[in-house]
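Source file upload15.cif; content: mmCIF, C-alpha atoms and all ligand atoms.
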data_data
loop_
_atom_site.label_atom_id
_atom_site.label_comp_id
_atom_site.auth_asym_id
_atom_site.auth_seq_id
_atom_site.Cartn_x
_atom_site.Cartn_y
_atom_site.Cartn_z
CA MET A 1 -8.78 88.54 -83.24
CA ALA A 2 -5.54 87.70 -81.42
CA PHE A 3 -5.25 88.46 -77.71
CA PRO A 4 -3.07 91.43 -76.81
CA GLY A 5 -1.57 89.22 -74.09
CA THR A 6 -1.61 91.87 -71.39
CA GLY A 7 -3.71 92.62 -68.34
CA GLN A 8 -4.68 90.55 -65.36
CA ILE A 9 -6.68 87.38 -65.09
CA TRP A 10 -8.58 86.30 -61.99
CA MET A 11 -7.60 82.74 -61.00
CA ASN A 12 -9.15 81.18 -57.92
CA GLY A 13 -9.45 84.58 -56.27
CA LYS A 14 -6.02 85.97 -57.21
CA LEU A 15 -5.21 88.41 -59.98
CA VAL A 16 -2.30 87.14 -62.07
CA GLU A 17 -0.55 88.55 -65.10
CA TRP A 18 -1.93 87.34 -68.43
CA LYS A 19 1.26 85.42 -69.28
CA ASP A 20 1.21 83.61 -65.92
CA ALA A 21 -2.42 82.50 -66.11
CA THR A 22 -1.58 78.93 -67.11
CA ILE A 23 -2.74 75.44 -66.15
CA HIS A 24 -1.01 72.08 -66.44
CA VAL A 25 -1.53 70.06 -69.64
CA ALA A 26 -2.60 67.12 -67.45
CA SER A 27 -5.57 69.09 -66.11
CA HIS A 28 -8.80 67.14 -66.49
CA VAL A 29 -10.47 69.88 -68.55
CA VAL A 30 -7.82 69.66 -71.28
CA HIS A 31 -8.56 65.99 -71.89
CA TYR A 32 -12.27 65.68 -71.18
CA GLY A 33 -13.76 69.15 -71.78
CA THR A 34 -14.91 69.35 -68.17
CA ALA A 35 -15.68 73.04 -67.85
CA VAL A 36 -18.66 75.35 -67.75
CA PHE A 37 -18.32 78.97 -68.64
CA GLU A 38 -20.01 82.27 -69.39
CA GLY A 39 -19.73 85.00 -71.96
CA ALA A 40 -20.97 88.42 -70.89
CA ARG A 41 -20.21 91.96 -71.96
CA CYS A 42 -19.39 95.25 -70.33
CA TYR A 43 -20.28 98.33 -72.38
CA ALA A 44 -19.21 101.97 -72.25
CA THR A 45 -22.21 104.18 -71.46
CA PRO A 46 -22.51 107.91 -70.75
CA ARG A 47 -22.78 107.04 -67.01
CA GLY A 48 -19.67 104.84 -67.16
CA SER A 49 -18.94 101.19 -67.87
CA ALA A 50 -21.85 98.84 -67.32
CA CYS A 51 -22.16 95.06 -67.44
CA PHE A 52 -25.23 93.79 -69.25
CA ARG A 53 -27.28 91.35 -67.19
CA LEU A 54 -24.33 90.25 -65.09
CA ASP A 55 -26.69 88.65 -62.56
CA ALA A 56 -28.34 86.45 -65.19
CA HIS A 57 -24.98 85.38 -66.63
CA MET A 58 -23.52 84.48 -63.26
CA GLN A 59 -26.71 82.69 -62.28
CA ARG A 60 -26.47 80.61 -65.47
CA LEU A 61 -22.86 79.80 -64.59
CA LEU A 62 -23.97 78.51 -61.18
CA LEU A 63 -26.70 76.41 -62.81
CA SER A 64 -24.35 75.00 -65.46
CA ALA A 65 -21.95 74.03 -62.64
CA LYS A 66 -24.82 72.45 -60.73
CA ILE A 67 -25.75 70.22 -63.68
CA TYR A 68 -22.12 69.06 -63.86
CA ARG A 69 -21.84 68.53 -60.09
CA MET A 70 -19.11 71.13 -59.77
CA GLU A 71 -18.95 72.96 -56.48
CA TYR A 72 -17.05 76.19 -56.25
CA PRO A 73 -16.97 78.39 -53.15
CA LEU A 74 -18.57 81.51 -54.69
CA ASP A 75 -22.23 82.41 -54.60
CA LEU A 76 -24.02 84.72 -57.00
CA ALA A 77 -22.91 87.91 -55.27
CA GLY A 78 -19.37 86.52 -55.02
CA TRP A 79 -19.23 85.87 -58.75
CA GLN A 80 -20.59 89.28 -59.63
CA ASN A 81 -18.08 90.93 -57.31
CA ALA A 82 -15.21 88.90 -58.75
CA VAL A 83 -16.12 90.03 -62.27
CA LEU A 84 -16.45 93.68 -61.24
CA GLU A 85 -13.16 93.51 -59.35
CA THR A 86 -11.39 92.05 -62.40
CA ILE A 87 -12.77 94.76 -64.69
CA ARG A 88 -11.67 97.45 -62.23
CA ALA A 89 -8.22 95.90 -61.83
CA ASN A 90 -7.79 96.02 -65.60
CA ALA A 91 -9.32 99.51 -65.86
CA MET A 92 -11.42 98.27 -68.78
CA LYS A 93 -14.01 100.57 -70.27
CA ALA A 94 -15.74 97.97 -72.38
CA CYS A 95 -14.90 94.29 -72.67
CA TYR A 96 -16.03 90.74 -73.20
CA ILE A 97 -16.14 88.79 -69.92
CA ARG A 98 -15.29 85.09 -69.78
CA PRO A 99 -15.63 83.35 -66.41
CA ILE A 100 -14.85 79.62 -66.51
CA VAL A 101 -15.14 76.86 -63.91
CA TYR A 102 -13.13 73.77 -64.74
CA ARG A 103 -11.77 70.49 -63.44
CA GLY A 104 -8.10 71.02 -62.76
CA TYR A 105 -4.93 69.05 -62.10
CA GLU A 106 -4.76 65.98 -59.90
CA SER A 107 -5.08 62.71 -61.85
CA LEU A 108 -6.48 61.59 -65.18
CA GLY A 109 -9.34 59.26 -65.96
CA VAL A 110 -12.95 59.90 -66.91
CA ASN A 111 -14.05 60.37 -63.29
CA PRO A 112 -13.83 64.13 -62.71
CA PHE A 113 -14.53 63.94 -58.98
CA THR A 114 -10.88 63.29 -58.22
CA CYS A 115 -9.84 66.65 -59.69
CA PRO A 116 -10.24 70.06 -58.09
CA VAL A 117 -12.80 72.57 -59.32
CA ASP A 118 -10.88 75.69 -60.32
CA ALA A 119 -12.05 78.95 -61.82
CA ALA A 120 -10.83 81.93 -63.79
CA ILE A 121 -12.16 85.18 -65.21
CA MET A 122 -10.65 86.62 -68.37
CA LEU A 123 -11.48 89.91 -70.05
CA TRP A 124 -10.62 91.14 -73.48
CA ASP A 125 -11.75 93.53 -76.17
CA TRP A 126 -14.04 91.68 -78.51
CA GLY A 127 -15.70 93.62 -81.30
CA THR A 128 -18.69 92.58 -83.32
CA TYR A 129 -18.63 88.79 -83.68
CA LEU A 130 -20.01 88.45 -87.21
CA GLY A 131 -18.56 91.74 -88.43
CA LYS A 132 -19.81 95.31 -88.32
CA GLU A 133 -21.09 95.07 -91.87
CA ALA A 134 -23.24 92.06 -90.95
CA LEU A 135 -25.11 94.17 -88.39
CA GLU A 136 -26.45 96.30 -91.24
CA GLN A 137 -26.27 94.13 -94.33
CA GLY A 138 -27.02 90.78 -92.75
CA THR A 139 -25.04 87.59 -92.81
CA ASP A 140 -25.14 84.46 -94.99
CA ALA A 141 -25.83 81.19 -93.23
CA ARG A 142 -26.36 77.55 -94.10
CA VAL A 143 -28.32 74.86 -92.37
CA ALA A 144 -25.70 72.63 -90.77
CA SER A 145 -25.42 68.99 -91.65
CA TRP A 146 -24.59 68.43 -87.98
CA SER A 147 -27.55 68.29 -85.57
CA ARG A 148 -27.54 69.83 -82.15
CA MET A 149 -27.16 67.41 -79.23
CA ALA A 150 -29.99 64.91 -78.78
CA PRO A 151 -32.01 65.19 -75.57
CA ASN A 152 -30.40 63.40 -72.66
CA THR A 153 -26.95 63.30 -74.23
CA LEU A 154 -25.08 66.54 -73.54
CA PRO A 155 -27.30 68.99 -71.66
CA ALA A 156 -27.91 71.97 -73.95
CA MET A 157 -29.06 74.18 -71.07
CA ALA A 158 -25.62 73.96 -69.48
CA LYS A 159 -23.07 76.24 -71.10
CA SER A 160 -20.39 73.60 -70.99
CA SER A 161 -17.18 73.48 -72.98
CA ALA A 162 -18.11 70.01 -74.21
CA ASN A 163 -21.10 71.43 -76.13
CA TYR A 164 -18.76 73.60 -78.14
CA ALA A 165 -17.26 70.57 -79.89
CA ASN A 166 -20.64 70.41 -81.65
CA SER A 167 -20.58 74.19 -82.22
CA ALA A 168 -17.09 73.97 -83.71
CA LEU A 169 -18.20 71.31 -86.22
CA ILE A 170 -21.12 73.52 -87.27
CA LYS A 171 -18.94 76.62 -87.56
CA MET A 172 -16.09 74.91 -89.45
CA GLU A 173 -18.51 73.39 -91.94
CA ALA A 174 -20.14 76.79 -92.57
CA ILE A 175 -16.80 78.57 -93.05
CA THR A 176 -15.40 75.82 -95.26
CA ASP A 177 -18.45 76.12 -97.50
CA GLY A 178 -18.19 79.90 -97.72
CA TYR A 179 -20.86 80.91 -95.19
CA ALA A 180 -20.40 83.04 -92.10
CA GLU A 181 -22.50 80.87 -89.82
CA GLY A 182 -24.34 77.58 -89.51
CA ILE A 183 -27.88 77.01 -88.25
CA ALA A 184 -28.25 73.67 -86.52
CA LEU A 185 -31.41 71.63 -86.39
CA ASP A 186 -32.32 69.46 -83.42
CA VAL A 187 -32.48 65.68 -83.84
CA GLN A 188 -36.14 65.92 -84.88
CA GLY A 189 -35.08 68.17 -87.77
CA ASN A 190 -36.55 71.36 -86.33
CA VAL A 191 -34.62 74.61 -86.04
CA SER A 192 -32.41 74.80 -82.96
CA GLU A 193 -29.79 77.59 -82.97
CA GLY A 194 -26.57 78.88 -84.49
CA SER A 195 -23.16 77.64 -83.40
CA GLY A 196 -23.05 80.34 -80.73
CA GLN A 197 -26.30 82.28 -81.03
CA ASN A 198 -30.03 81.84 -80.69
CA ILE A 199 -32.27 82.52 -83.65
CA PHE A 200 -35.54 84.35 -84.29
CA ILE A 201 -37.76 84.43 -87.34
CA VAL A 202 -40.30 87.12 -88.21
CA ARG A 203 -43.46 86.29 -90.16
CA ASP A 204 -46.32 88.71 -90.73
CA GLY A 205 -45.00 91.01 -88.01
CA ALA A 206 -44.81 88.33 -85.29
CA LEU A 207 -41.67 86.81 -83.78
CA TYR A 208 -40.94 83.13 -83.27
CA THR A 209 -37.98 81.44 -81.60
CA PRO A 210 -37.31 77.76 -80.81
CA PRO A 211 -38.17 76.57 -77.28
CA LEU A 212 -35.69 75.17 -74.76
CA SER A 213 -36.80 71.68 -75.81
CA SER A 214 -35.27 72.25 -79.27
CA SER A 215 -31.80 71.72 -77.76
CA ILE A 216 -30.91 75.40 -77.37
CA LEU A 217 -28.91 77.28 -74.80
CA GLY A 218 -31.35 79.52 -72.91
CA GLY A 219 -29.73 82.70 -74.14
CA ILE A 220 -29.78 85.86 -72.08
CA THR A 221 -29.88 87.99 -75.23
CA ARG A 222 -32.80 85.85 -76.44
CA ASP A 223 -34.62 86.58 -73.20
CA SER A 224 -33.79 90.30 -73.47
CA VAL A 225 -34.92 90.50 -77.09
CA MET A 226 -38.21 88.77 -76.25
CA THR A 227 -38.77 91.35 -73.50
CA LEU A 228 -37.88 94.28 -75.76
CA ALA A 229 -40.05 92.92 -78.57
CA ARG A 230 -43.04 92.65 -76.23
CA ASP A 231 -42.31 96.18 -74.97
CA LEU A 232 -42.55 97.31 -78.58
CA GLY A 233 -45.89 95.53 -78.99
CA TYR A 234 -44.78 92.51 -81.03
CA SER A 235 -46.17 89.08 -80.36
CA VAL A 236 -43.39 86.60 -79.50
CA SER A 237 -43.81 82.82 -79.40
CA GLU A 238 -41.38 80.16 -78.28
CA THR A 239 -42.40 77.40 -80.61
CA VAL A 240 -41.07 74.48 -82.65
CA ILE A 241 -39.90 75.85 -85.99
CA PRO A 242 -39.69 73.56 -89.03
CA ARG A 243 -36.64 74.02 -91.25
CA GLU A 244 -38.61 75.35 -94.21
CA ALA A 245 -40.03 78.18 -92.07
CA LEU A 246 -36.53 79.68 -92.23
CA TYR A 247 -36.67 80.02 -96.01
CA ILE A 248 -40.11 81.62 -96.12
CA ALA A 249 -39.60 83.96 -93.16
CA ASP A 250 -39.88 87.70 -93.76
CA GLU A 251 -36.83 88.19 -91.55
CA VAL A 252 -34.38 86.01 -89.64
CA PHE A 253 -31.86 87.20 -87.08
CA PHE A 254 -29.31 85.78 -84.64
CA VAL A 255 -28.97 86.95 -81.04
CA GLY A 256 -26.25 86.36 -78.49
CA THR A 257 -23.76 88.12 -76.29
CA ALA A 258 -21.09 87.89 -78.98
CA ALA A 259 -23.36 88.32 -82.04
CA GLU A 260 -25.69 90.83 -80.31
CA VAL A 261 -28.54 91.21 -82.86
CA THR A 262 -27.35 90.21 -86.34
CA PRO A 263 -29.69 89.92 -89.35
CA VAL A 264 -29.48 86.86 -91.61
CA ARG A 265 -29.92 87.80 -95.27
CA SER A 266 -29.68 84.37 -96.85
CA ILE A 267 -29.89 80.74 -95.80
CA ASP A 268 -28.61 77.99 -98.10
CA LYS A 269 -28.38 80.71 -100.77
CA ILE A 270 -32.12 81.43 -100.50
CA LYS A 271 -32.76 85.14 -100.00
CA ILE A 272 -34.58 85.88 -96.74
CA GLY A 273 -37.26 88.53 -97.26
CA ALA A 274 -35.70 91.39 -99.20
CA GLY A 275 -32.20 89.97 -98.66
CA ARG A 276 -31.18 92.63 -96.18
CA ARG A 277 -31.96 93.70 -92.63
CA GLY A 278 -35.74 93.89 -92.23
CA PRO A 279 -37.73 96.52 -90.31
CA VAL A 280 -38.53 94.36 -87.26
CA THR A 281 -34.90 93.30 -86.90
CA GLU A 282 -33.85 96.91 -87.22
CA ALA A 283 -36.33 98.06 -84.55
CA LEU A 284 -35.15 95.37 -82.14
CA GLN A 285 -31.51 96.01 -82.91
CA ARG A 286 -32.05 99.68 -82.14
CA ALA A 287 -33.92 98.90 -78.90
CA PHE A 288 -31.15 96.51 -77.85
CA PHE A 289 -28.28 98.85 -78.73
CA ASP A 290 -30.04 101.74 -76.97
CA VAL A 291 -30.17 99.72 -73.76
CA ILE A 292 -26.59 98.44 -73.87
CA SER A 293 -25.18 101.82 -74.82
CA GLY A 294 -27.11 103.45 -71.97
CA THR A 295 -28.89 105.84 -74.32
CA SER A 296 -32.34 104.63 -73.34
CA PRO A 297 -33.50 104.21 -69.74
CA ASP A 298 -32.59 100.90 -68.13
CA ARG A 299 -36.22 100.00 -67.50
CA HIS A 300 -35.56 96.36 -66.71
CA GLY A 301 -32.57 96.89 -64.41
CA TRP A 302 -30.17 95.14 -66.78
CA LEU A 303 -27.07 97.29 -66.27
CA THR A 304 -24.57 97.04 -63.41
CA TYR A 305 -22.27 100.05 -63.36
CA VAL A 306 -18.71 98.95 -62.70
CA TYR A 307 -17.06 102.02 -61.31
CA GLU A 308 -19.89 103.44 -59.23
CA GLU A 309 -19.05 102.98 -55.60
CA GLU A 310 -20.53 99.83 -54.20
CA ALA A 311 -22.38 99.08 -57.41
CA PRO A 312 -25.58 97.41 -56.22
CA LEU A 313 -25.71 93.75 -57.17
CA ARG A 314 -28.80 92.54 -58.92
CA LYS A 315 -30.91 89.74 -57.61
CA PRO A 316 -31.29 86.83 -60.05
CA ARG A 317 -34.63 86.45 -61.75
CA GLY A 318 -34.62 82.66 -61.54
CA ALA A 319 -35.76 81.09 -64.76
CA VAL A 320 -34.69 84.09 -66.83
CA ALA A 321 -31.11 82.92 -66.69
CA VAL A 322 -31.88 79.74 -68.52
CA GLY A 323 -34.76 80.94 -70.66
CA THR A 324 -38.48 80.96 -70.10
CA ARG A 325 -41.50 79.40 -71.69
CA ASP A 326 -44.41 81.76 -71.43
C1 LIG B 1 -24.79 77.79 -78.39
C2 LIG B 1 -25.21 79.15 -77.96
N1 LIG B 1 -26.49 79.50 -78.06
C3 LIG B 1 -26.93 80.72 -77.69
C4 LIG B 1 -26.06 81.67 -77.19
C5 LIG B 1 -26.57 83.01 -76.78
O1 LIG B 1 -26.58 83.12 -75.38
P1 LIG B 1 -26.40 84.52 -74.67
O2 LIG B 1 -27.39 85.44 -75.28
O3 LIG B 1 -26.70 84.24 -73.26
O4 LIG B 1 -25.02 84.96 -74.92
C6 LIG B 1 -24.72 81.35 -77.08
C7 LIG B 1 -23.78 82.35 -76.57
O5 LIG B 1 -23.07 82.14 -75.67
C8 LIG B 1 -24.28 80.07 -77.46
O6 LIG B 1 -22.99 79.73 -77.37
#
Write out the structure in this file as structure tokens.
Ligand SMILES: Cc1ncc(COP(=O)(O)O)c(C=O)c1O
Amino acid sequence: MAFPGTGQIWMNGKLVEWKDATIHVASHVVHYGTAVFEGARCYATPRGSACFRLDAHMQRLLLSAKIYRMEYPLDLAGWQNAVLETIRANAMKACYIRPIVYRGYESLGVNPFTCPVDAAIMLWDWGTYLGKEALEQGTDARVASWSRMAPNTLPAMAKSSANYANSALIKMEAITDGYAEGIALDVQGNVSEGSGQNIFIVRDGALYTPPLSSSILGGITRDSVMTLARDLGYSVSETVIPREALYIADEVFFVGTAAEVTPVRSIDKIKIGAGRRGPVTEALQRAFFDVISGTSPDRHGWLTYVYEEEAPLRKPRGAVAVGTRD
């Protein structure tokens, strides 16, 4: 979906017009992918616009920046306020939120320390990532021929721009071969994640998802879905998943801020379960959509209302931002 090209973007604390939110082509990030970023969403609810788990997203941004030795003069509350301020300035009802921290313009060479750490927050309307139909019918995926990053190469727990070179290879391969999405394995050959989503399988009524050690991003939707699943009485395990477990699962679904909860109906042209959204996926989808749309009570304190005066800022729940191993 093309950008409308209007509205204001937050850049280093100032709101600038969309068309003026530019950086120099010699900026370090352009050449070396030296950025960390977030993707969060603000939803329209009956009580007004609300950001979903803004605290956890901004906490993950701070941790991604920490891994990459990037210091930026905003703390967690500062980041949350900057996002809320940008949404208010744009009078957005619902939007996708993209904060980014990057190495800017000074000199070029691999060493990033010589370049400033700059930041921006963009907002735009972003509908359902894998299509509205996919939410009901399910999507078709393939196992990628590209593996996810090996341990101790590019840190998977950091949401860094550099990791998305790998995601882009996975996504392009899937699209070129006629699939909507790719599922990457880790270097051991076990299931890791989609190009921009975490993955769950359902077998005999229980849920399984790969652990952080399978080279995944510790997704905030993944964490939310695990919580909702346990609320609904399902058993959930973070465990190593062999590739073939995908094909014999009763249900498979992707989760992520962009993809939300999207069923997978086939993998490598093998029908998953009945070849359509299964009952567990549907129950979790409903639970998730009820929370984000504000139609069920916010029992876990996941929503930050944007336009309520002095919207209280959430405290981070530590490990939640990067995933947990129970
Ligand atoms: C590679 C990757 N894995 C997982 C996720 C899901 O993370 P979250 O639920 O925090 O959006 C994303 C989304 O940003 C992603 O890019």
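Close contacts of segment 233-241 of chain A, defined as residues with an atom at most 8 Å away when counting only C-alpha atoms, with chain neighbours fewer than 6 positions off set aside, comprise A:Asn190, A:Val191, A:Gly205, A:Ala206, A:Leu207, A:Tyr208, A:Thr209, A:Pro210, A:Pro211, A:Ser214, A:Met226, A:Arg325, A:Asp326.
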Note to self: Can you pull out every residue with an atom within 6 Å of ligand LIG 1 (chain B)? Use only C-alpha atoms and all ligand atoms and format it as a ChimeraX atom specification.
What the structure shows: /A:39,195-198,217,219-222,256-257
Note to self: Please report the interatomic distance between atom CA of Glu181 of chain A and atom CA of Asp140 of chain A in Å with one decimal.
What the structure shows: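 Computing the Euclidean distance for atom CA of Glu181 of chain A and atom CA of Asp140 of chain A yields 6.8 Å.
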Item checked: From A:Thr45, A:Tyr105, A:Ser213, A:Gly131, residue lying nearest Pro151 of chain A [only C-alpha atoms] -> A:Ser213
Margin query: Neighbouring residues of Met149 of chain A were defined as those with any atom within 10 Å, considering only C-alpha atoms; residues of the same chain fewer than 4 positions away were excluded. Please report them as a PyMOL selection string.
Written below: chain A and resi 153-156+163+166-167+184-187+192+214-216
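Nearest residue to Ala91 of chain A among A:Ile170, A:Val117, A:Leu123, A:Leu108 is A:Leu123, counting all atoms listed in the file.
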Check: How far is it from atom CA of Val255 of chain A to atom CA of Ala134 of chain A, in Å with one decimal?
Finding: 12.5 Å
Using 6 Å of padding on each side, determine the axis-aligned box around all atoms of segment 52-64 of chain A present in the file and give its centre and edge lengths in Å to one decimal, as lines of an AutoDock Vina configuration file.
center_x = -25.6
center_y = 84.4
center_z = -65.2
size_x = 17.5
size_y = 30.8
size_z = 20.1
Notebook entry, point to check: Which polymer residues have any atom within 12 Å of an atom of segment 72-74 of chain A, counting only C-alpha atoms, with same-chain residues fewer than 3 positions away left out, as number ranges by chain?
Noted result: A: 12-13, 36, 58-59, 61-66, 68-69, 77-83, 100-103, 116-120
Based on the selection just made, write C-alpha atoms of those residues as a CSV table (one decimal), in the frame of the given file.
chain,number,residue,atom,x,y,z
A,12,ASN,CA,-9.2,81.2,-57.9
A,13,GLY,CA,-9.4,84.6,-56.3
A,36,VAL,CA,-18.7,75.4,-67.8
A,58,MET,CA,-23.5,84.5,-63.3
A,59,GLN,CA,-26.7,82.7,-62.3
A,61,LEU,CA,-22.9,79.8,-64.6
A,62,LEU,CA,-24.0,78.5,-61.2
A,63,LEU,CA,-26.7,76.4,-62.8
A,64,SER,CA,-24.4,75.0,-65.5
A,65,ALA,CA,-22.0,74.0,-62.6
A,66,LYS,CA,-24.8,72.4,-60.7
A,68,TYR,CA,-22.1,69.1,-63.9
A,69,ARG,CA,-21.8,68.5,-60.1
A,77,ALA,CA,-22.9,87.9,-55.3
A,78,GLY,CA,-19.4,86.5,-55.0
A,79,TRP,CA,-19.2,85.9,-58.8
A,80,GLN,CA,-20.6,89.3,-59.6
A,81,ASN,CA,-18.1,90.9,-57.3
A,82,ALA,CA,-15.2,88.9,-58.8
A,83,VAL,CA,-16.1,90.0,-62.3
A,100,ILE,CA,-14.8,79.6,-66.5
A,101,VAL,CA,-15.1,76.9,-63.9
A,102,TYR,CA,-13.1,73.8,-64.7
A,103,ARG,CA,-11.8,70.5,-63.4
A,116,PRO,CA,-10.2,70.1,-58.1
A,117,VAL,CA,-12.8,72.6,-59.3
A,118,ASP,CA,-10.9,75.7,-60.3
A,119,ALA,CA,-12.0,79.0,-61.8
A,120,ALA,CA,-10.8,81.9,-63.8
Select from segment 57-170 of chain A every residue with an atom at most 8 Å from any atom of segment 270-277 of chain A, then for each give the shortest pair of atoms and their distance in Å to one decimal, using all atoms listed in the file, rows by chain and rising number, as JSON lines.
{"residue": "A:Glu136", "atom": "CA", "partner": "A:Arg277", "partner_atom": "CA", "distance": 6.2}
{"residue": "A:Gln137", "atom": "CA", "partner": "A:Arg276", "partner_atom": "CA", "distance": 5.5}
{"residue": "A:Gly138", "atom": "CA", "partner": "A:Arg276", "partner_atom": "CA", "distance": 5.7}
Item checked: Å distance separating atom CA of Tyr96 of chain A from atom CA of Met122 of chain A, one decimal place ->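 Atom CA of Met122 of chain A lies at a distance of 8.3 Å from atom CA of Tyr96 of chain A.
If you measure from each of A:Lys14, A:Arg299, A:Val291, A:Thr262 to Pro46 of chain A using only C-alpha atoms, the closest one turns out to be A:Val291.
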Next item on the list: May I have the protein, DNA and RNA residues with any atom at most 10 Å from the point (-14.6, 88.8, -72.1), counting only C-alpha atoms, written as a list in words?
Entry: Glu38, Gly39, Ala40, Arg41, Cys42, Ile87, Ala94, Cys95, Tyr96, Ile97, Arg98, Pro99, Ile121, Met122, Leu123, Trp124, Asp125, Trp126 and Ala258 of chain A
Notebook entry, point to check: In terms of the shortest atom-to-atom distance over only C-alpha atoms, which of A:Leu15, A:Ala150, A:Ala35, A:Ala158 is closest to Pro112 of chain A?
Noted result: A:Ala35
Check: Using all atoms listed in the file, which residues sit within 10 Å of Leu169 of chain A once same-chain residues fewer than 2 positions away are excluded, as a VMD selection string?
Finding: chain A and resid 144 to 147 164 to 167 171 to 174 182 195
Can I get the selected residues back with C-alpha atoms, as a PDB file, in the coordinates of the input?
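Written output follows (selection_17.pdb):
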ATOM      1  CA  ALA A 144     -25.700  72.630 -90.770  1.00  0.00           C
ATOM      2  CA  SER A 145     -25.420  68.990 -91.650  1.00  0.00           C
ATOM      3  CA  TRP A 146     -24.590  68.430 -87.980  1.00  0.00           C
ATOM      4  CA  SER A 147     -27.550  68.290 -85.570  1.00  0.00           C
ATOM      5  CA  TYR A 164     -18.760  73.600 -78.140  1.00  0.00           C
ATOM      6  CA  ALA A 165     -17.260  70.570 -79.890  1.00  0.00           C
ATOM      7  CA  ASN A 166     -20.640  70.410 -81.650  1.00  0.00           C
ATOM      8  CA  SER A 167     -20.580  74.190 -82.220  1.00  0.00           C
ATOM      9  CA  LYS A 171     -18.940  76.620 -87.560  1.00  0.00           C
ATOM     10  CA  MET A 172     -16.090  74.910 -89.450  1.00  0.00           C
ATOM     11  CA  GLU A 173     -18.510  73.390 -91.940  1.00  0.00           C
ATOM     12  CA  ALA A 174     -20.140  76.790 -92.570  1.00  0.00           C
ATOM     13  CA  GLY A 182     -24.340  77.580 -89.510  1.00  0.00           C
ATOM     14  CA  SER A 195     -23.160  77.640 -83.400  1.00  0.00           C
TER      15      SER A 195
END
Note to self: Let me make sure I understand: among A:Ala180, A:Glu106, A:Leu130, A:Val306, which one has the smallest atom-to-atom distance to Glu260 of chain A if we use only C-alpha atoms?
What the structure shows: A:Leu130
Notebook entry, point to check: Pick from A:Leu76, A:Leu135, A:Ala89, A:Gly104: nearest to His24 of chain A, with only C-alpha atoms counted?
Noted result: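 Closest residue, counting only C-alpha atoms: A:Gly104.
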Add whatever atoms are absent from segment 111-125 of chain A to reach N, CA and C atoms, and provide the output as an mmCIF file, keeping the file's coordinate frame.
data_model
loop_
_atom_site.group_PDB
_atom_site.id
_atom_site.type_symbol
_atom_site.label_atom_id
_atom_site.label_comp_id
_atom_site.auth_asym_id
_atom_site.auth_seq_id
_atom_site.Cartn_x
_atom_site.Cartn_y
_atom_site.Cartn_z
ATOM 1 N N ASN A 111 -13.445 59.852 -64.526
ATOM 2 C CA ASN A 111 -14.050 60.370 -63.290
ATOM 3 C C ASN A 111 -13.503 61.758 -62.928
ATOM 4 N N PRO A 112 -14.337 62.796 -63.016
ATOM 5 C CA PRO A 112 -13.830 64.130 -62.710
ATOM 6 C C PRO A 112 -13.744 64.422 -61.219
ATOM 7 N N PHE A 113 -14.447 63.630 -60.406
ATOM 8 C CA PHE A 113 -14.530 63.940 -58.980
ATOM 9 C C PHE A 113 -13.163 64.005 -58.300
ATOM 10 N N THR A 114 -12.198 63.313 -58.865
ATOM 11 C CA THR A 114 -10.880 63.290 -58.220
ATOM 12 C C THR A 114 -10.112 64.598 -58.436
ATOM 13 N N CYS A 115 -10.592 65.419 -59.356
ATOM 14 C CA CYS A 115 -9.840 66.650 -59.690
ATOM 15 C C CYS A 115 -10.494 67.870 -59.068
ATOM 16 N N PRO A 116 -9.682 68.863 -58.715
ATOM 17 C CA PRO A 116 -10.240 70.060 -58.090
ATOM 18 C C PRO A 116 -11.099 70.859 -59.057
ATOM 19 N N VAL A 117 -12.015 71.634 -58.504
ATOM 20 C CA VAL A 117 -12.800 72.570 -59.320
ATOM 21 C C VAL A 117 -12.117 73.931 -59.197
ATOM 22 N N ASP A 118 -11.580 74.397 -60.298
ATOM 23 C CA ASP A 118 -10.880 75.690 -60.320
ATOM 24 C C ASP A 118 -11.668 76.673 -61.161
ATOM 25 N N ALA A 119 -11.298 77.948 -61.061
ATOM 26 C CA ALA A 119 -12.050 78.950 -61.820
ATOM 27 C C ALA A 119 -11.159 80.107 -62.226
ATOM 28 N N ALA A 120 -11.568 80.760 -63.297
ATOM 29 C CA ALA A 120 -10.830 81.930 -63.790
ATOM 30 C C ALA A 120 -11.806 82.908 -64.418
ATOM 31 N N ILE A 121 -11.384 84.156 -64.492
ATOM 32 C CA ILE A 121 -12.160 85.180 -65.210
ATOM 33 C C ILE A 121 -11.187 85.943 -66.105
ATOM 34 N N MET A 122 -11.464 85.881 -67.396
ATOM 35 C CA MET A 122 -10.650 86.620 -68.370
ATOM 36 C C MET A 122 -11.481 87.735 -68.976
ATOM 37 N N LEU A 123 -10.819 88.788 -69.358
ATOM 38 C CA LEU A 123 -11.480 89.910 -70.050
ATOM 39 C C LEU A 123 -10.671 90.248 -71.277
ATOM 40 N N TRP A 124 -11.341 90.605 -72.331
ATOM 41 C CA TRP A 124 -10.620 91.140 -73.480
ATOM 42 C C TRP A 124 -11.562 91.976 -74.336
ATOM 43 N N ASP A 125 -10.984 92.729 -75.215
ATOM 44 C CA ASP A 125 -11.750 93.530 -76.170
ATOM 45 C C ASP A 125 -12.247 92.587 -77.238
#
